[in-house]
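**Q** One structure coming up, written as structure tokens, with questions to follow.
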Amino acid sequence: MRKRQVVVRREEPQRSARTVKYGECQKNHAANVGGYAVDGCREFMASGATGEGTSAALTCAACGCHRNFHKRQETEVVSECSSPTSNGT
């Protein structure tokens, strides 16, 4: 009886990274009088140091609102890692 060698090739999993961007401000500035008015801020920009967790990093430089008032937009970037293929020899 002859022995056979079996080679199992597994595909490498795709690696994905999520990036988060904060869009237009949705804070209702007229809520206390029963109306609806937004300030028109189109994109969140950190007002101070960009260190995560500081109060300046969570405040918008354009409108002064907290980052939670801005619309959260997640994008997923998928990168395929290709391993070198054998040339069949």
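The way I read the labels, and the way they are meant: chains A, B, ... in the order of the structure tokens, residue 1 as the first residue of every chain, and ligand 1 as the first ligand shown, with later ones counted on from there.
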Considering only C-alpha atoms, return as a PDB file with N, CA and C atoms, in the first residue's frame whatever protein or nucleic-acid residues lie within 10 Å of segment 61-69 of chain A, sequence-local ones (same chain, fewer than 4 positions apart) excluded.
**A**
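Output saved as selection.pdb:
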```
ATOM      1  N   TYR A  22     -17.393  61.521  11.371  1.00  0.00           N
ATOM      2  CA  TYR A  22     -18.592  62.174  11.894  1.00  0.00           C
ATOM      3  C   TYR A  22     -18.993  63.287  10.942  1.00  0.00           C
ATOM      4  N   GLY A  23     -20.218  63.212  10.452  1.00  0.00           N
ATOM      5  CA  GLY A  23     -20.720  64.143   9.450  1.00  0.00           C
ATOM      6  C   GLY A  23     -21.425  65.343  10.060  1.00  0.00           C
ATOM      7  N   GLU A  24     -22.536  65.722   9.442  1.00  0.00           N
ATOM      8  CA  GLU A  24     -23.231  66.959   9.807  1.00  0.00           C
ATOM      9  C   GLU A  24     -23.804  66.912  11.224  1.00  0.00           C
ATOM     10  N   CYS A  25     -23.873  68.088  11.820  1.00  0.00           N
ATOM     11  CA  CYS A  25     -24.396  68.226  13.179  1.00  0.00           C
ATOM     12  C   CYS A  25     -25.921  68.153  13.139  1.00  0.00           C
ATOM     13  N   GLN A  26     -26.489  67.381  14.041  1.00  0.00           N
ATOM     14  CA  GLN A  26     -27.934  67.209  14.087  1.00  0.00           C
ATOM     15  C   GLN A  26     -28.547  67.735  15.377  1.00  0.00           C
ATOM     16  N   LYS A  27     -27.817  68.610  16.066  1.00  0.00           N
ATOM     17  CA  LYS A  27     -28.338  69.162  17.321  1.00  0.00           C
ATOM     18  C   LYS A  27     -29.467  70.146  17.021  1.00  0.00           C
ATOM     19  N   ASN A  28     -30.573  69.977  17.723  1.00  0.00           N
ATOM     20  CA  ASN A  28     -31.719  70.860  17.569  1.00  0.00           C
ATOM     21  C   ASN A  28     -31.541  72.039  18.520  1.00  0.00           C
ATOM     22  N   ASP A  39     -27.684  74.028  13.047  1.00  0.00           N
ATOM     23  CA  ASP A  39     -26.753  75.128  12.788  1.00  0.00           C
ATOM     24  C   ASP A  39     -26.059  75.069  11.440  1.00  0.00           C
ATOM     25  N   GLY A  40     -26.137  73.951  10.729  1.00  0.00           N
ATOM     26  CA  GLY A  40     -25.541  73.857   9.404  1.00  0.00           C
ATOM     27  C   GLY A  40     -24.111  73.380   9.387  1.00  0.00           C
ATOM     28  N   CYS A  41     -23.587  72.949  10.511  1.00  0.00           N
ATOM     29  CA  CYS A  41     -22.232  72.410  10.556  1.00  0.00           C
ATOM     30  C   CYS A  41     -22.205  71.114   9.749  1.00  0.00           C
ATOM     31  N   ARG A  42     -21.300  71.002   8.802  1.00  0.00           N
ATOM     32  CA  ARG A  42     -21.300  69.875   7.865  1.00  0.00           C
ATOM     33  C   ARG A  42     -20.391  68.720   8.276  1.00  0.00           C
ATOM     34  N   GLU A  43     -19.363  68.969   9.110  1.00  0.00           N
ATOM     35  CA  GLU A  43     -18.442  67.905   9.468  1.00  0.00           C
ATOM     36  C   GLU A  43     -17.800  68.203  10.815  1.00  0.00           C
ATOM     37  N   PHE A  44     -17.615  67.166  11.619  1.00  0.00           N
ATOM     38  CA  PHE A  44     -16.990  67.303  12.928  1.00  0.00           C
ATOM     39  C   PHE A  44     -15.495  67.521  12.778  1.00  0.00           C
ATOM     40  N   MET A  45     -14.977  68.541  13.471  1.00  0.00           N
ATOM     41  CA  MET A  45     -13.539  68.793  13.554  1.00  0.00           C
ATOM     42  C   MET A  45     -13.201  68.979  15.030  1.00  0.00           C
ATOM     43  N   ALA A  46     -12.261  68.204  15.529  1.00  0.00           N
ATOM     44  CA  ALA A  46     -11.875  68.311  16.933  1.00  0.00           C
ATOM     45  C   ALA A  46     -11.306  69.697  17.202  1.00  0.00           C
ATOM     46  N   SER A  47     -11.697  70.282  18.327  1.00  0.00           N
ATOM     47  CA  SER A  47     -11.299  71.660  18.598  1.00  0.00           C
ATOM     48  C   SER A  47      -9.904  71.787  19.179  1.00  0.00           C
ATOM     49  N   GLY A  48      -9.415  70.755  19.819  1.00  0.00           N
ATOM     50  CA  GLY A  48      -8.103  70.867  20.451  1.00  0.00           C
ATOM     51  C   GLY A  48      -7.223  69.693  20.125  1.00  0.00           C
ATOM     52  N   SER A  55     -11.511  66.225  26.581  1.00  0.00           N
ATOM     53  CA  SER A  55     -12.747  66.964  26.305  1.00  0.00           C
ATOM     54  C   SER A  55     -12.621  67.810  25.041  1.00  0.00           C
ATOM     55  N   ALA A  56     -11.421  68.285  24.735  1.00  0.00           N
ATOM     56  CA  ALA A  56     -11.230  69.073  23.516  1.00  0.00           C
ATOM     57  C   ALA A  56     -11.369  68.202  22.271  1.00  0.00           C
ATOM     58  N   ALA A  57     -11.026  66.942  22.360  1.00  0.00           N
ATOM     59  CA  ALA A  57     -11.147  66.047  21.215  1.00  0.00           C
ATOM     60  C   ALA A  57     -12.594  65.686  20.932  1.00  0.00           C
TER      61      ALA A  57
END
```
**Q** Go ahead and compute the interatomic distance for atom CA of Arg72 of chain A and atom CA of Gly35 of chain A, in Å to one decimal.
**A** 23.7 Å
**Q** Interatomic distance between atom CA of Thr54 of chain A and atom CA of Lys21 of chain A?
**A**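 These two atoms are separated by 17.7 Å.
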**Q** Report, in Å with one decimal, the straight-line distance from atom CA of Glu74 of chain A to atom CA of Ala17 of chain A.
**A**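 Computing the Euclidean distance for atom CA of Glu74 of chain A and atom CA of Ala17 of chain A yields 10.2 Å.
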**Q** When you count only C-alpha atoms, which of these residues is closest to Thr19 of chain A: A:Val7, A:Thr59, A:Ala37, A:Thr75?
**A**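 Closest residue, counting only C-alpha atoms: A:Thr75.
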**Q** Go through segment 8-64 of chain A and collect every residue that DSSP, computed from the backbone, puts in helix (DSSP H, G or I); the answer should be as a short mmCIF file (atom, residue, chain, number, x, y, z; two decimals) with N, CA, C and O atoms, in the first residue's frame.
**A**
```
data_model
loop_
_atom_site.label_atom_id
_atom_site.label_comp_id
_atom_site.auth_asym_id
_atom_site.auth_seq_id
_atom_site.Cartn_x
_atom_site.Cartn_y
_atom_site.Cartn_z
N ALA A 31 -35.00 73.39 20.41
CA ALA A 31 -35.82 72.42 21.13
C ALA A 31 -36.50 73.03 22.35
O ALA A 31 -37.62 72.66 22.69
N ASN A 32 -35.83 73.99 22.99
CA ASN A 32 -36.42 74.57 24.20
C ASN A 32 -37.63 75.45 23.92
O ASN A 32 -38.42 75.73 24.81
N VAL A 33 -37.84 75.88 22.67
CA VAL A 33 -39.01 76.68 22.32
C VAL A 33 -40.01 75.89 21.47
O VAL A 33 -40.97 76.45 20.95
N ALA A 56 -11.42 68.29 24.74
CA ALA A 56 -11.23 69.07 23.52
C ALA A 56 -11.37 68.20 22.27
O ALA A 56 -11.81 68.67 21.22
N ALA A 57 -11.03 66.94 22.36
CA ALA A 57 -11.15 66.05 21.21
C ALA A 57 -12.59 65.69 20.93
O ALA A 57 -12.92 65.24 19.84
N LEU A 58 -13.48 65.88 21.90
CA LEU A 58 -14.89 65.54 21.74
C LEU A 58 -15.76 66.75 21.43
O LEU A 58 -16.97 66.61 21.28
#
```
**Q** Pick the closest to His70 of chain A from A:Glu52, A:Arg15, A:Arg9, A:Val20: which is it, counting only C-alpha atoms?
**A**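 Of all the options, A:Val20 lies closest to His70 of chain A.
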**Q** Please identify the strand (DSSP E) residues within segment 42-77 of chain A (assignment by DSSP from backbone atoms) and present them as a count of residues only.
**A** 8
